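Enquirer: So here's start-v1.cif (mmCIF, C-alpha atoms).
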```
data_my_file
#
loop_
_atom_site.label_atom_id
_atom_site.label_comp_id
_atom_site.auth_asym_id
_atom_site.auth_seq_id
_atom_site.Cartn_x
_atom_site.Cartn_y
_atom_site.Cartn_z
CA MET A 1 -0.38 -52.18 -181.49
CA ALA A 2 0.80 -52.66 -177.90
CA ARG A 3 1.77 -49.00 -177.80
CA ILE A 4 -1.74 -47.93 -178.92
CA ARG A 5 -3.32 -50.13 -176.20
CA ASN A 6 -0.98 -48.64 -173.58
CA GLN A 7 -1.94 -45.17 -174.74
CA ARG A 8 -5.45 -45.78 -173.46
CA ALA A 9 -4.59 -47.63 -170.25
CA VAL A 10 -5.80 -46.08 -166.99
CA PRO A 11 -3.00 -45.93 -164.38
CA MET A 12 -3.53 -48.54 -161.70
CA ALA A 13 -1.94 -46.18 -159.16
CA LEU A 14 -4.83 -43.75 -159.54
CA ILE A 15 -7.40 -46.48 -158.95
CA VAL A 16 -5.48 -47.67 -155.89
CA ILE A 17 -5.28 -44.11 -154.51
CA ALA A 18 -9.02 -43.65 -155.06
CA VAL A 19 -9.83 -46.91 -153.27
CA VAL A 20 -7.49 -46.10 -150.37
CA LEU A 21 -9.01 -42.63 -149.95
CA LEU A 22 -12.50 -44.08 -150.06
CA VAL A 23 -11.68 -46.67 -147.41
CA ALA A 24 -9.98 -44.01 -145.27
CA ARG A 25 -13.04 -41.80 -145.60
CA VAL A 26 -15.44 -44.55 -144.55
CA GLY A 27 -13.12 -45.54 -141.73
CA ALA A 28 -12.78 -41.95 -140.49
CA GLY A 29 -16.54 -41.59 -140.54
CA LEU A 30 -17.07 -44.73 -138.48
CA LEU A 31 -14.22 -43.92 -136.11
CA GLY A 32 -15.32 -40.32 -135.76
CA ASP A 33 -18.83 -41.28 -134.69
CA GLY A 34 -17.51 -43.88 -132.26
CA ALA A 35 -14.92 -41.61 -130.71
CA LYS A 36 -17.27 -38.68 -130.20
CA HIS A 37 -18.56 -38.69 -126.67
CA ASP A 38 -20.44 -35.78 -125.23
CA TYR A 39 -19.31 -35.25 -121.61
CA VAL A 40 -21.69 -32.36 -120.95
CA ASN A 41 -24.63 -33.17 -118.66
CA TRP A 42 -27.41 -31.58 -120.70
CA VAL A 43 -30.54 -30.52 -118.88
CA ALA A 44 -34.07 -30.38 -120.33
CA ILE A 45 -35.24 -26.94 -121.47
CA ASP A 46 -37.92 -26.66 -118.77
CA ASP A 47 -35.55 -27.73 -115.99
CA GLY A 48 -32.89 -25.13 -116.82
CA PRO A 49 -34.29 -22.01 -115.09
CA PRO A 50 -35.41 -23.78 -111.86
CA MET A 51 -32.01 -25.47 -111.52
CA SER A 52 -30.28 -22.16 -112.18
CA GLN A 53 -32.33 -20.50 -109.46
CA ALA A 54 -31.68 -23.32 -107.01
CA THR A 55 -27.92 -23.48 -107.61
CA GLY A 56 -27.16 -19.90 -108.57
CA LYS A 57 -25.32 -21.07 -111.67
CA PRO A 58 -25.85 -19.30 -115.02
CA ILE A 59 -27.56 -21.21 -117.83
CA MET A 60 -25.65 -22.04 -121.01
CA PHE A 61 -28.11 -22.32 -123.91
CA PHE A 62 -26.66 -24.16 -126.91
CA PHE A 63 -28.79 -23.45 -129.99
CA THR A 64 -28.06 -26.09 -132.61
CA ALA A 65 -29.52 -28.13 -135.48
CA GLU A 66 -28.89 -31.65 -136.81
CA TRP A 67 -27.78 -30.36 -140.21
CA CYS A 68 -25.40 -27.78 -138.80
CA ALA A 69 -21.80 -28.83 -139.55
CA PRO A 70 -20.10 -26.14 -137.38
CA CYS A 71 -22.32 -27.34 -134.49
CA HIS A 72 -20.90 -30.86 -134.86
CA GLN A 73 -17.44 -29.31 -135.01
CA LEU A 74 -18.16 -27.53 -131.71
CA GLU A 75 -19.44 -30.75 -130.16
CA ARG A 76 -16.29 -32.61 -131.25
CA GLU A 77 -13.82 -29.97 -130.11
CA VAL A 78 -15.50 -28.63 -126.97
CA PHE A 79 -18.17 -30.94 -125.56
CA SER A 80 -16.15 -34.08 -126.27
CA ASP A 81 -13.19 -32.61 -124.41
CA ARG A 82 -13.46 -34.02 -120.90
CA ALA A 83 -11.69 -31.12 -119.17
CA LEU A 84 -13.75 -28.43 -120.91
CA ALA A 85 -16.98 -30.38 -120.40
CA GLU A 86 -16.24 -30.67 -116.68
CA GLN A 87 -15.76 -26.92 -116.48
CA ILE A 88 -19.09 -26.42 -118.22
CA ASN A 89 -20.87 -28.87 -115.91
CA GLU A 90 -19.31 -27.24 -112.85
CA ARG A 91 -19.99 -23.61 -113.73
CA PHE A 92 -23.22 -23.68 -115.73
CA ILE A 93 -26.55 -25.38 -116.27
CA PRO A 94 -26.17 -26.56 -119.86
CA VAL A 95 -29.33 -26.64 -121.97
CA ARG A 96 -29.33 -27.85 -125.58
CA VAL A 97 -31.99 -26.27 -127.83
CA VAL A 98 -32.34 -28.19 -131.10
CA ASP A 99 -33.95 -26.50 -134.09
CA ARG A 100 -36.29 -28.79 -136.07
CA MET A 101 -37.51 -26.34 -138.68
CA LYS A 102 -35.78 -28.07 -141.60
CA GLU A 103 -36.82 -31.58 -140.60
CA ASP A 104 -40.37 -31.03 -139.27
CA GLY A 105 -41.31 -27.70 -140.80
CA ARG A 106 -41.89 -26.17 -137.34
CA ASN A 107 -40.32 -25.97 -133.89
CA PRO A 108 -41.88 -26.80 -130.53
CA ALA A 109 -43.27 -23.65 -128.90
CA ARG A 110 -40.63 -23.60 -126.16
CA VAL A 111 -37.80 -23.82 -128.71
CA ALA A 112 -39.28 -21.06 -130.88
CA LEU A 113 -39.74 -18.82 -127.83
CA LEU A 114 -36.15 -19.30 -126.68
CA GLN A 115 -34.82 -18.63 -130.19
CA GLN A 116 -36.85 -15.44 -130.35
CA THR A 117 -35.97 -14.32 -126.82
CA PHE A 118 -32.24 -14.71 -127.35
CA SER A 119 -32.21 -13.80 -131.08
CA ALA A 120 -30.68 -17.11 -132.11
CA ARG A 121 -30.79 -16.58 -135.85
CA GLY A 122 -27.91 -18.85 -136.83
CA PHE A 123 -26.25 -22.00 -135.57
CA PRO A 124 -24.38 -22.63 -133.43
CA THR A 125 -25.28 -19.88 -131.02
CA ILE A 126 -24.32 -20.14 -127.36
CA VAL A 127 -25.93 -17.77 -124.88
CA PHE A 128 -25.06 -17.53 -121.18
CA THR A 129 -27.82 -16.13 -118.98
CA ASP A 130 -28.79 -15.96 -115.35
CA ALA A 131 -32.01 -17.58 -114.05
CA ALA A 132 -33.96 -14.40 -114.82
CA GLY A 133 -32.87 -14.51 -118.47
CA SER A 134 -30.40 -11.62 -118.46
CA GLU A 135 -27.67 -12.28 -120.97
CA ARG A 136 -24.14 -12.56 -119.58
CA GLY A 137 -22.23 -13.83 -122.58
CA ARG A 138 -22.72 -14.87 -126.16
CA MET A 139 -20.95 -16.70 -128.98
CA GLU A 140 -22.30 -16.84 -132.50
CA GLY A 141 -20.81 -19.37 -134.88
CA PHE A 142 -17.77 -21.46 -134.02
CA ARG A 143 -14.19 -20.71 -134.91
CA ASP A 144 -12.14 -22.72 -132.45
CA ARG A 145 -12.22 -23.95 -128.85
CA GLY A 146 -10.04 -21.03 -127.81
CA GLU A 147 -12.80 -18.63 -128.74
CA PHE A 148 -15.33 -20.66 -126.73
CA GLN A 149 -12.99 -20.70 -123.71
CA ARG A 150 -12.53 -16.94 -123.89
CA VAL A 151 -16.29 -16.34 -123.99
CA MET A 152 -16.91 -18.86 -121.21
CA GLU A 153 -14.26 -17.33 -118.94
CA GLY A 154 -15.75 -13.91 -119.53
CA VAL A 155 -19.07 -14.95 -118.01
CA ARG A 156 -19.54 -13.69 -114.41
CA MET B 1 2.53 -38.03 -164.44
CA SER B 2 4.42 -36.08 -167.05
CA ALA B 3 6.62 -33.32 -165.65
CA VAL B 4 6.79 -31.72 -169.09
CA VAL B 5 2.99 -31.44 -169.37
CA ILE B 6 2.70 -30.14 -165.81
CA ALA B 7 5.45 -27.57 -166.36
CA GLU B 8 3.94 -26.45 -169.67
CA THR B 9 0.46 -26.09 -168.11
CA VAL B 10 1.86 -23.99 -165.27
CA ARG B 11 3.99 -21.91 -167.64
CA ARG B 12 1.04 -21.24 -169.93
CA HIS B 13 -1.04 -19.86 -167.09
CA ILE B 14 1.48 -17.89 -165.09
CA THR B 15 2.72 -16.13 -168.21
CA SER B 16 -0.78 -15.16 -169.30
CA ALA B 17 -1.89 -11.60 -168.69
CA GLY B 18 -5.28 -12.74 -167.47
CA PHE B 19 -3.86 -14.91 -164.71
CA LEU B 20 -1.36 -12.26 -163.65
CA ALA B 21 -4.16 -9.71 -163.48
CA ALA B 22 -6.32 -12.12 -161.48
CA THR B 23 -3.49 -12.79 -159.05
CA ALA B 24 -2.85 -9.07 -158.60
CA PHE B 25 -6.56 -8.64 -157.96
CA LEU B 26 -6.46 -11.40 -155.34
CA ALA B 27 -3.52 -9.65 -153.64
CA ILE B 28 -5.50 -6.41 -153.48
CA ILE B 29 -8.52 -8.25 -152.07
CA GLY B 30 -6.25 -9.91 -149.51
CA LEU B 31 -4.97 -6.55 -148.32
CA GLY B 32 -8.49 -5.15 -148.30
CA VAL B 33 -10.19 -7.85 -146.26
CA SER B 34 -7.33 -8.11 -143.77
CA ARG B 35 -8.77 -5.09 -141.99
CA PHE B 36 -12.20 -6.36 -141.15
CA ALA B 37 -13.21 -9.86 -142.26
CA THR B 38 -12.74 -13.20 -140.51
CA PRO B 39 -9.36 -14.59 -141.66
CA GLY B 40 -9.64 -16.36 -144.99
CA ALA B 41 -13.43 -15.93 -145.17
CA VAL B 42 -13.57 -14.61 -148.75
CA TRP B 43 -11.24 -17.11 -150.41
CA PRO B 44 -13.59 -20.07 -151.04
CA SER B 45 -15.92 -18.02 -153.24
CA VAL B 46 -13.21 -15.95 -154.92
CA ILE B 47 -10.94 -18.90 -155.66
CA SER B 48 -13.92 -20.86 -157.00
CA LEU B 49 -14.32 -18.23 -159.71
CA LEU B 50 -10.65 -18.49 -160.66
CA ALA B 51 -10.84 -22.29 -160.57
CA LEU B 52 -13.70 -22.22 -163.09
CA PHE B 53 -11.45 -20.47 -165.61
CA VAL B 54 -8.29 -22.43 -164.88
CA GLY B 55 -9.90 -25.86 -164.51
CA GLY B 56 -12.41 -25.23 -167.27
CA GLY B 57 -9.69 -24.81 -169.89
CA VAL B 58 -7.84 -28.05 -169.15
CA ILE B 59 -9.12 -30.33 -171.95
CA GLY B 60 -12.30 -28.98 -173.53
CA PRO B 61 -10.86 -26.10 -175.57
CA GLU B 62 -8.14 -28.39 -176.94
CA PHE B 63 -10.83 -30.51 -178.57
CA SER B 64 -12.34 -27.44 -180.20
CA ARG B 65 -9.03 -26.00 -181.35
CA GLY B 66 -7.99 -29.32 -182.87
CA THR B 67 -4.71 -29.46 -180.98
CA LEU B 68 -5.62 -32.50 -178.94
CA GLN B 69 -5.45 -34.99 -181.81
CA LEU B 70 -1.97 -33.66 -182.56
CA ILE B 71 -0.90 -34.31 -178.98
CA LEU B 72 -2.44 -37.76 -178.98
CA THR B 73 -0.50 -38.79 -182.11
CA LYS B 74 2.52 -38.82 -179.83
CA PRO B 75 3.17 -41.93 -177.72
CA VAL B 76 1.65 -40.37 -174.64
CA ASN B 77 -0.78 -42.15 -172.39
CA ARG B 78 -4.13 -40.36 -172.45
CA SER B 79 -4.77 -40.70 -168.74
CA ILE B 80 -1.26 -39.54 -167.87
CA TYR B 81 -1.76 -36.51 -170.08
CA LEU B 82 -5.15 -35.76 -168.49
CA LEU B 83 -3.84 -36.16 -164.94
CA SER B 84 -0.76 -34.05 -165.68
CA ARG B 85 -2.93 -31.25 -167.02
CA VAL B 86 -5.09 -31.44 -163.88
CA ALA B 87 -1.97 -31.37 -161.69
CA GLY B 88 -0.70 -28.31 -163.55
CA ALA B 89 -4.04 -26.53 -163.16
CA VAL B 90 -4.15 -27.34 -159.44
CA LEU B 91 -0.58 -26.06 -158.98
CA VAL B 92 -1.53 -22.81 -160.70
CA LEU B 93 -4.50 -22.40 -158.36
CA TRP B 94 -2.33 -23.13 -155.34
CA ILE B 95 0.05 -20.38 -156.45
CA ALA B 96 -2.88 -17.95 -156.64
CA ILE B 97 -4.21 -19.09 -153.24
CA GLY B 98 -0.71 -18.73 -151.77
CA VAL B 99 -0.37 -15.17 -153.07
CA ALA B 100 -3.81 -14.24 -151.75
CA THR B 101 -3.16 -15.75 -148.32
CA ALA B 102 0.28 -14.15 -148.08
CA PHE B 103 -1.08 -10.70 -148.82
CA GLU B 104 -3.89 -11.12 -146.32
CA MET B 105 -1.36 -12.19 -143.71
CA VAL B 106 0.83 -9.16 -144.45
CA GLY B 107 -2.22 -6.93 -144.21
CA ARG B 108 -3.24 -8.42 -140.85
CA ILE B 109 0.26 -7.99 -139.47
CA ALA B 110 0.25 -4.37 -140.64
CA TRP B 111 -3.22 -3.54 -139.26
CA THR B 112 -3.45 -5.67 -136.14
CA SER B 113 0.09 -6.94 -135.46
CA ALA B 114 -1.38 -10.44 -135.43
CA SER B 115 -0.83 -12.57 -138.50
CA GLN B 116 -3.36 -15.23 -137.39
CA LEU B 117 -1.19 -17.60 -139.36
CA ASP B 118 -2.78 -20.64 -137.75
CA VAL B 119 -6.28 -19.71 -138.92
CA LEU B 120 -5.07 -18.54 -142.33
CA GLY B 121 -2.97 -21.67 -142.72
CA ILE B 122 -5.97 -23.94 -142.13
CA ARG B 123 -8.03 -21.86 -144.52
CA PHE B 124 -5.27 -22.05 -147.15
CA LEU B 125 -5.22 -25.83 -146.78
CA ASN B 126 -9.00 -26.25 -147.00
CA VAL B 127 -9.37 -23.95 -150.01
CA SER B 128 -6.47 -25.74 -151.74
CA ILE B 129 -8.17 -29.10 -151.20
CA GLU B 130 -11.46 -27.71 -152.47
CA ALA B 131 -9.64 -26.49 -155.61
CA VAL B 132 -8.50 -30.07 -156.28
CA LEU B 133 -12.11 -31.27 -156.25
CA MET B 134 -13.26 -28.42 -158.48
CA CYS B 135 -10.57 -29.12 -161.08
CA SER B 136 -11.30 -32.85 -160.95
CA MET B 137 -15.00 -32.30 -161.56
CA LEU B 138 -14.39 -29.81 -164.38
CA VAL B 139 -12.05 -32.30 -166.04
CA LEU B 140 -14.64 -35.05 -165.58
CA PHE B 141 -17.22 -32.96 -167.44
CA ALA B 142 -14.61 -32.00 -170.04
CA SER B 143 -13.77 -35.63 -170.74
CA PHE B 144 -17.05 -36.03 -172.62
CA THR B 145 -17.74 -32.46 -173.83
CA ARG B 146 -15.78 -29.82 -175.69
CA ALA B 147 -15.02 -26.09 -175.54
CA TYR B 148 -16.16 -24.72 -172.17
CA PHE B 149 -19.31 -26.82 -171.83
CA ASN B 150 -17.79 -28.36 -168.73
CA VAL B 151 -17.99 -24.96 -167.00
CA ALA B 152 -21.63 -24.63 -168.06
CA ILE B 153 -22.47 -28.08 -166.69
CA TYR B 154 -20.71 -27.28 -163.41
CA ILE B 155 -22.52 -23.98 -162.93
CA MET B 156 -25.88 -25.53 -163.85
CA LEU B 157 -25.33 -28.30 -161.32
CA VAL B 158 -24.42 -25.85 -158.55
CA MET B 159 -27.41 -23.64 -159.23
CA GLY B 160 -29.75 -26.54 -159.90
CA LEU B 161 -28.98 -28.34 -156.65
CA ASN B 162 -29.30 -25.17 -154.56
CA VAL B 163 -32.56 -24.18 -156.24
CA ALA B 164 -33.92 -27.70 -155.81
CA GLU B 165 -33.05 -27.70 -152.10
CA GLY B 166 -34.70 -24.34 -151.61
CA LEU B 167 -37.82 -25.36 -153.55
CA LEU B 168 -38.20 -28.59 -151.60
CA ALA B 169 -37.84 -26.70 -148.32
CA MET B 170 -40.54 -24.25 -149.43
CA ILE B 171 -42.87 -27.02 -150.54
CA ARG B 172 -42.29 -28.92 -147.31
CA SER B 173 -43.29 -25.95 -145.17
CA SER B 174 -46.33 -25.17 -147.37
CA ARG B 175 -48.56 -27.81 -145.67
CA SER B 176 -49.76 -29.02 -149.08
CA ALA B 177 -50.15 -32.70 -150.03
CA LEU B 178 -46.70 -32.64 -151.58
CA GLY B 179 -45.38 -30.88 -148.46
CA ASN B 180 -46.80 -33.64 -146.26
CA PHE B 181 -45.23 -36.23 -148.53
CA LEU B 182 -41.85 -34.54 -148.18
CA ASN B 183 -42.29 -34.35 -144.41
CA GLU B 184 -42.95 -38.06 -144.26
CA HIS B 185 -40.05 -38.87 -146.59
CA ALA B 186 -37.31 -36.63 -145.25
CA VAL B 187 -34.78 -38.92 -146.96
CA ILE B 188 -35.46 -37.09 -150.25
CA GLU B 189 -34.19 -33.77 -148.92
CA ARG B 190 -31.39 -35.38 -146.96
CA GLY B 191 -30.29 -37.24 -150.10
CA LEU B 192 -30.25 -34.03 -152.10
CA ALA B 193 -28.29 -32.29 -149.36
CA ALA B 194 -25.81 -35.19 -149.29
CA ILE B 195 -25.27 -34.92 -153.06
CA ASN B 196 -24.73 -31.17 -152.72
CA ASN B 197 -22.30 -31.63 -149.81
CA ASN B 198 -20.31 -34.21 -151.75
CA LEU B 199 -20.11 -32.39 -155.08
CA PHE B 200 -19.79 -28.84 -153.75
CA PRO B 201 -18.54 -28.99 -150.16
CA GLU B 202 -18.07 -25.79 -148.24
CA ALA B 203 -14.57 -25.35 -146.88
CA PRO B 204 -14.73 -25.27 -143.05
CA MET B 205 -12.88 -22.73 -140.93
CA THR B 206 -11.01 -25.42 -138.99
CA PHE B 207 -9.25 -28.62 -139.97
CA ASP B 208 -11.81 -31.40 -140.35
CA ARG B 209 -10.33 -34.81 -141.09
CA GLU B 210 -13.61 -36.26 -142.35
CA TRP B 211 -14.24 -33.32 -144.66
CA THR B 212 -10.69 -33.54 -146.05
CA LEU B 213 -10.96 -37.26 -146.76
CA ARG B 214 -14.43 -36.83 -148.27
CA VAL B 215 -13.26 -34.14 -150.68
CA LEU B 216 -10.05 -35.94 -151.68
CA SER B 217 -11.82 -39.26 -152.23
CA ASN B 218 -14.51 -37.55 -154.34
CA ALA B 219 -11.78 -35.88 -156.39
CA ALA B 220 -9.99 -39.20 -156.91
CA ILE B 221 -13.24 -40.88 -158.00
CA ALA B 222 -13.97 -38.05 -160.43
CA LEU B 223 -10.49 -38.40 -161.94
CA VAL B 224 -10.86 -42.17 -162.32
CA ILE B 225 -14.18 -41.73 -164.13
CA ALA B 226 -12.66 -38.95 -166.27
CA CYS B 227 -9.76 -41.21 -167.26
CA PHE B 228 -12.13 -44.01 -168.28
CA ALA B 229 -14.31 -41.60 -170.27
CA PHE B 230 -11.30 -39.98 -171.91
CA ARG B 231 -9.72 -43.25 -172.95
CA ARG B 232 -12.75 -44.20 -174.98
CA ARG B 233 -13.26 -40.80 -176.55
CA GLU B 234 -12.51 -40.52 -180.23
CA VAL B 235 -10.73 -37.33 -181.11
CA PRO B 236 -11.88 -35.97 -184.49
CA TYR B 237 -9.58 -34.30 -186.96
CA GLY B 238 -9.76 -30.57 -187.34
CA ALA B 239 -11.19 -27.86 -185.13
CA ASP B 240 -14.89 -27.24 -184.48
#
```
Write the structure described by the file as structure tokens, please.
Expert:
Amino acid sequence: MARIRNQRAVPMALIVIAVVLLVARVGAGLLGDGAKHDYVNWVAIDDGPPMSQATGKPIMFFFTAEWCAPCHQLEREVFSDRALAEQINERFIPVRVVDRMKEDGRNPARVALLQQTFSARGFPTIVFTDAAGSERGRMEGFRDRGEFQRVMEGVR
Amino acid sequence: MSAVVIAETVRRHITSAGFLAATAFLAIIGLGVSRFATPGAVWPSVISLLALFVGGGVIGPEFSRGTLQLILTKPVNRSIYLLSRVAGAVLVLWIAIGVATAFEMVGRIAWTSASQLDVLGIRFLNVSIEAVLMCSMLVLFASFTRAYFNVAIYIMLVMGLNVAEGLLAMIRSSRSALGNFLNEHAVIERGLAAINNNLFPEAPMTFDREWTLRVLSNAAIALVIACFAFRRREVPYGAD
């Protein structure tokens, strides 16, 4: 009879592993949110072009959305890197353009116009332009920070 | 875990003509996409198809064939048997993923002189982890069904969730009364998206610690539930 009961026993090790993984997952989520710090000095959409004209720096438009996982990946690997963020702040006027189509059903007019002007059909899309709106560099999607660095260094 | 059951599961698959043909096909695809696609981009969808066949046949068909009650007359723990079969199926999938990745790497070295091993390696890891979740979920559904109904449930869930998300998005943007309700209660769509992301996560292109832990913990939970369901299941005599 003991053998038949043992035949149906669920291994405690599996339950322990499941609990440990669950705790690790919750912990990583909490730690991840706490550790993420955006060092880029984002500028409002309307302030981007005037500041670019005044300083002569190109604008870096970052087209993103709340639900976009690769965008969060980009934020963690690039914008939360102090050295890279300082380079961005020094060389460009960074403007974040957040798509709200999924949440609100529509975008503000300025956001929709920018998305149309720079053909930002997917997220993340990063577009480097001068104050007049001429495109100087572009990155669609996010593979790794190396790719972002290459695109950024290619902007003149 | 039972090494005998794991070894037998692996042997059964890698000596089957179907699996060998599938692996050869993956190798050809690997060489083909090495010329133009992003490294490792095709593997999540292709491996998912293979995982449906490999993971789908872990327990369900044994109920229908009547072999399972023969196995369970032996002094073998049901959960150990179930987990060993899952481990064998996952190993088989990892072999297939390894072959596919290796051939893509060879192709990239031949065409571009750059193996992009770092990108392919991450992709290999993420797809392998996703395969664990797929097998775990298929076994969970198999623990209370028979034949290949677990595959049917899995496919219906995938399609159902995606269709539901699309429909809700359409209704929300339709400006109807229901659309306004959905706009005011965005938690409904976010909840559905969260369920979809947890059950059928998309393998990222880079290493994501949170994604990895989420998938592995979901797989472990699915296996625990499968073990509890399987331990209570009565195995009838005879085949279907």
Enquirer: Given all atoms listed in the file as the basis, pick out the residue of B:Val151, B:Leu72, B:Leu31, B:Val54 nearest to chain A.
Expert: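 Result for the nearest residue to chain A: B:Leu72.
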Enquirer: Would you mind listing, as a list in words, all residues of chain B that have at least one atom within 8 Å of chain A, where all atoms listed in the file are what counts?
Expert: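 Output check: Pro75, Val76, Asn77, Arg78, Ser79, Ile80, Ala169, Arg172, Ser173, Asn183, Ala186, Pro204, Met205, Thr206, Arg209, Glu210, Leu213, Arg214, Leu216, Ser217, Ala220, Ile221, Val224, Cys227, Phe228, Arg231 and Arg232 of chain B.
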Enquirer: Go ahead and write the residues just picked, C-alpha atoms, as a PDB file, in the coordinates of the input.
Expert:
```
ATOM      1  CA  PRO B  75       3.170 -41.930-177.720  1.00  0.00           C
ATOM      2  CA  VAL B  76       1.650 -40.370-174.640  1.00  0.00           C
ATOM      3  CA  ASN B  77      -0.780 -42.150-172.390  1.00  0.00           C
ATOM      4  CA  ARG B  78      -4.130 -40.360-172.450  1.00  0.00           C
ATOM      5  CA  SER B  79      -4.770 -40.700-168.740  1.00  0.00           C
ATOM      6  CA  ILE B  80      -1.260 -39.540-167.870  1.00  0.00           C
ATOM      7  CA  ALA B 169     -37.840 -26.700-148.320  1.00  0.00           C
ATOM      8  CA  ARG B 172     -42.290 -28.920-147.310  1.00  0.00           C
ATOM      9  CA  SER B 173     -43.290 -25.950-145.170  1.00  0.00           C
ATOM     10  CA  ASN B 183     -42.290 -34.350-144.410  1.00  0.00           C
ATOM     11  CA  ALA B 186     -37.310 -36.630-145.250  1.00  0.00           C
ATOM     12  CA  PRO B 204     -14.730 -25.270-143.050  1.00  0.00           C
ATOM     13  CA  MET B 205     -12.880 -22.730-140.930  1.00  0.00           C
ATOM     14  CA  THR B 206     -11.010 -25.420-138.990  1.00  0.00           C
ATOM     15  CA  ARG B 209     -10.330 -34.810-141.090  1.00  0.00           C
ATOM     16  CA  GLU B 210     -13.610 -36.260-142.350  1.00  0.00           C
ATOM     17  CA  LEU B 213     -10.960 -37.260-146.760  1.00  0.00           C
ATOM     18  CA  ARG B 214     -14.430 -36.830-148.270  1.00  0.00           C
ATOM     19  CA  LEU B 216     -10.050 -35.940-151.680  1.00  0.00           C
ATOM     20  CA  SER B 217     -11.820 -39.260-152.230  1.00  0.00           C
ATOM     21  CA  ALA B 220      -9.990 -39.200-156.910  1.00  0.00           C
ATOM     22  CA  ILE B 221     -13.240 -40.880-158.000  1.00  0.00           C
ATOM     23  CA  VAL B 224     -10.860 -42.170-162.320  1.00  0.00           C
ATOM     24  CA  CYS B 227      -9.760 -41.210-167.260  1.00  0.00           C
ATOM     25  CA  PHE B 228     -12.130 -44.010-168.280  1.00  0.00           C
ATOM     26  CA  ARG B 231      -9.720 -43.250-172.950  1.00  0.00           C
ATOM     27  CA  ARG B 232     -12.750 -44.200-174.980  1.00  0.00           C
TER      28      ARG B 232
END
```
Enquirer: Please evaluate the PyMOL selection byres ((chain B and resi 62) around 12) against the displayed coordinates and give the resulting residues as a ChimeraX atom specification.
Expert: /B:56-61,63-72,82,85,142-143,145-148,235-240
Enquirer: Name the residues that the PyMOL selection byres ((chain B and resi 30) around 12) pulls out of this structure, and write them as a ChimeraX atom specification.
Expert: /B:23-29,31-43,46-47,96-108,120
Enquirer: Draw an axis-aligned box over all listed atoms of range 46-58 of chain A, pad each side with 4 Å, and write its centre and edge lengths in Å, one decimal, as lines of an AutoDock Vina configuration file.
Expert:
```
center_x = -31.6
center_y = -23.5
center_z = -112.9
size_x = 20.6
size_y = 16.4
size_z = 19.8
```
Enquirer: Identify all residues satisfying the PyMOL selection byres ((chain B and resi 127) around 8) in the given file; provide them as a VMD selection string.
Expert: chain B and resid 43 to 44 47 97 123 to 126 128 to 131 203
Enquirer: Expressed in Å to a single decimal, how great is the separation between CA of Ala51 in chain B and CA of Ile225 in chain B?
Expert: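 Calculated distance between CA of Ala51 in chain B and CA of Ile225 in chain B is 20.0 Å.
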Enquirer: Neighbours of Val95 in chain A within 7 Å (all atoms listed in the file; same-chain residues fewer than 5 positions away dropped), as a PyMOL selection string?
Expert: chain A and resi 42-45+48+60-62
Enquirer: List the spatial neighbours of range 131-135 of chain A as an mmCIF file with C-alpha atoms, in the frame of the given file - criterion: any atom at most 7 Å away, all atoms listed in the file, same-chain residues fewer than 3 positions off excluded.
Expert:
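Final output, saved to part-v6.cif:
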```cif
data_model
loop_
_atom_site.group_PDB
_atom_site.id
_atom_site.type_symbol
_atom_site.label_atom_id
_atom_site.label_comp_id
_atom_site.auth_asym_id
_atom_site.auth_seq_id
_atom_site.Cartn_x
_atom_site.Cartn_y
_atom_site.Cartn_z
ATOM 1 C CA PRO A 49 -34.290 -22.010 -115.090
ATOM 2 C CA SER A 52 -30.280 -22.160 -112.180
ATOM 3 C CA GLN A 53 -32.330 -20.500 -109.460
ATOM 4 C CA PRO A 58 -25.850 -19.300 -115.020
ATOM 5 C CA ILE A 59 -27.560 -21.210 -117.830
ATOM 6 C CA VAL A 127 -25.930 -17.770 -124.880
ATOM 7 C CA PHE A 128 -25.060 -17.530 -121.180
#
```
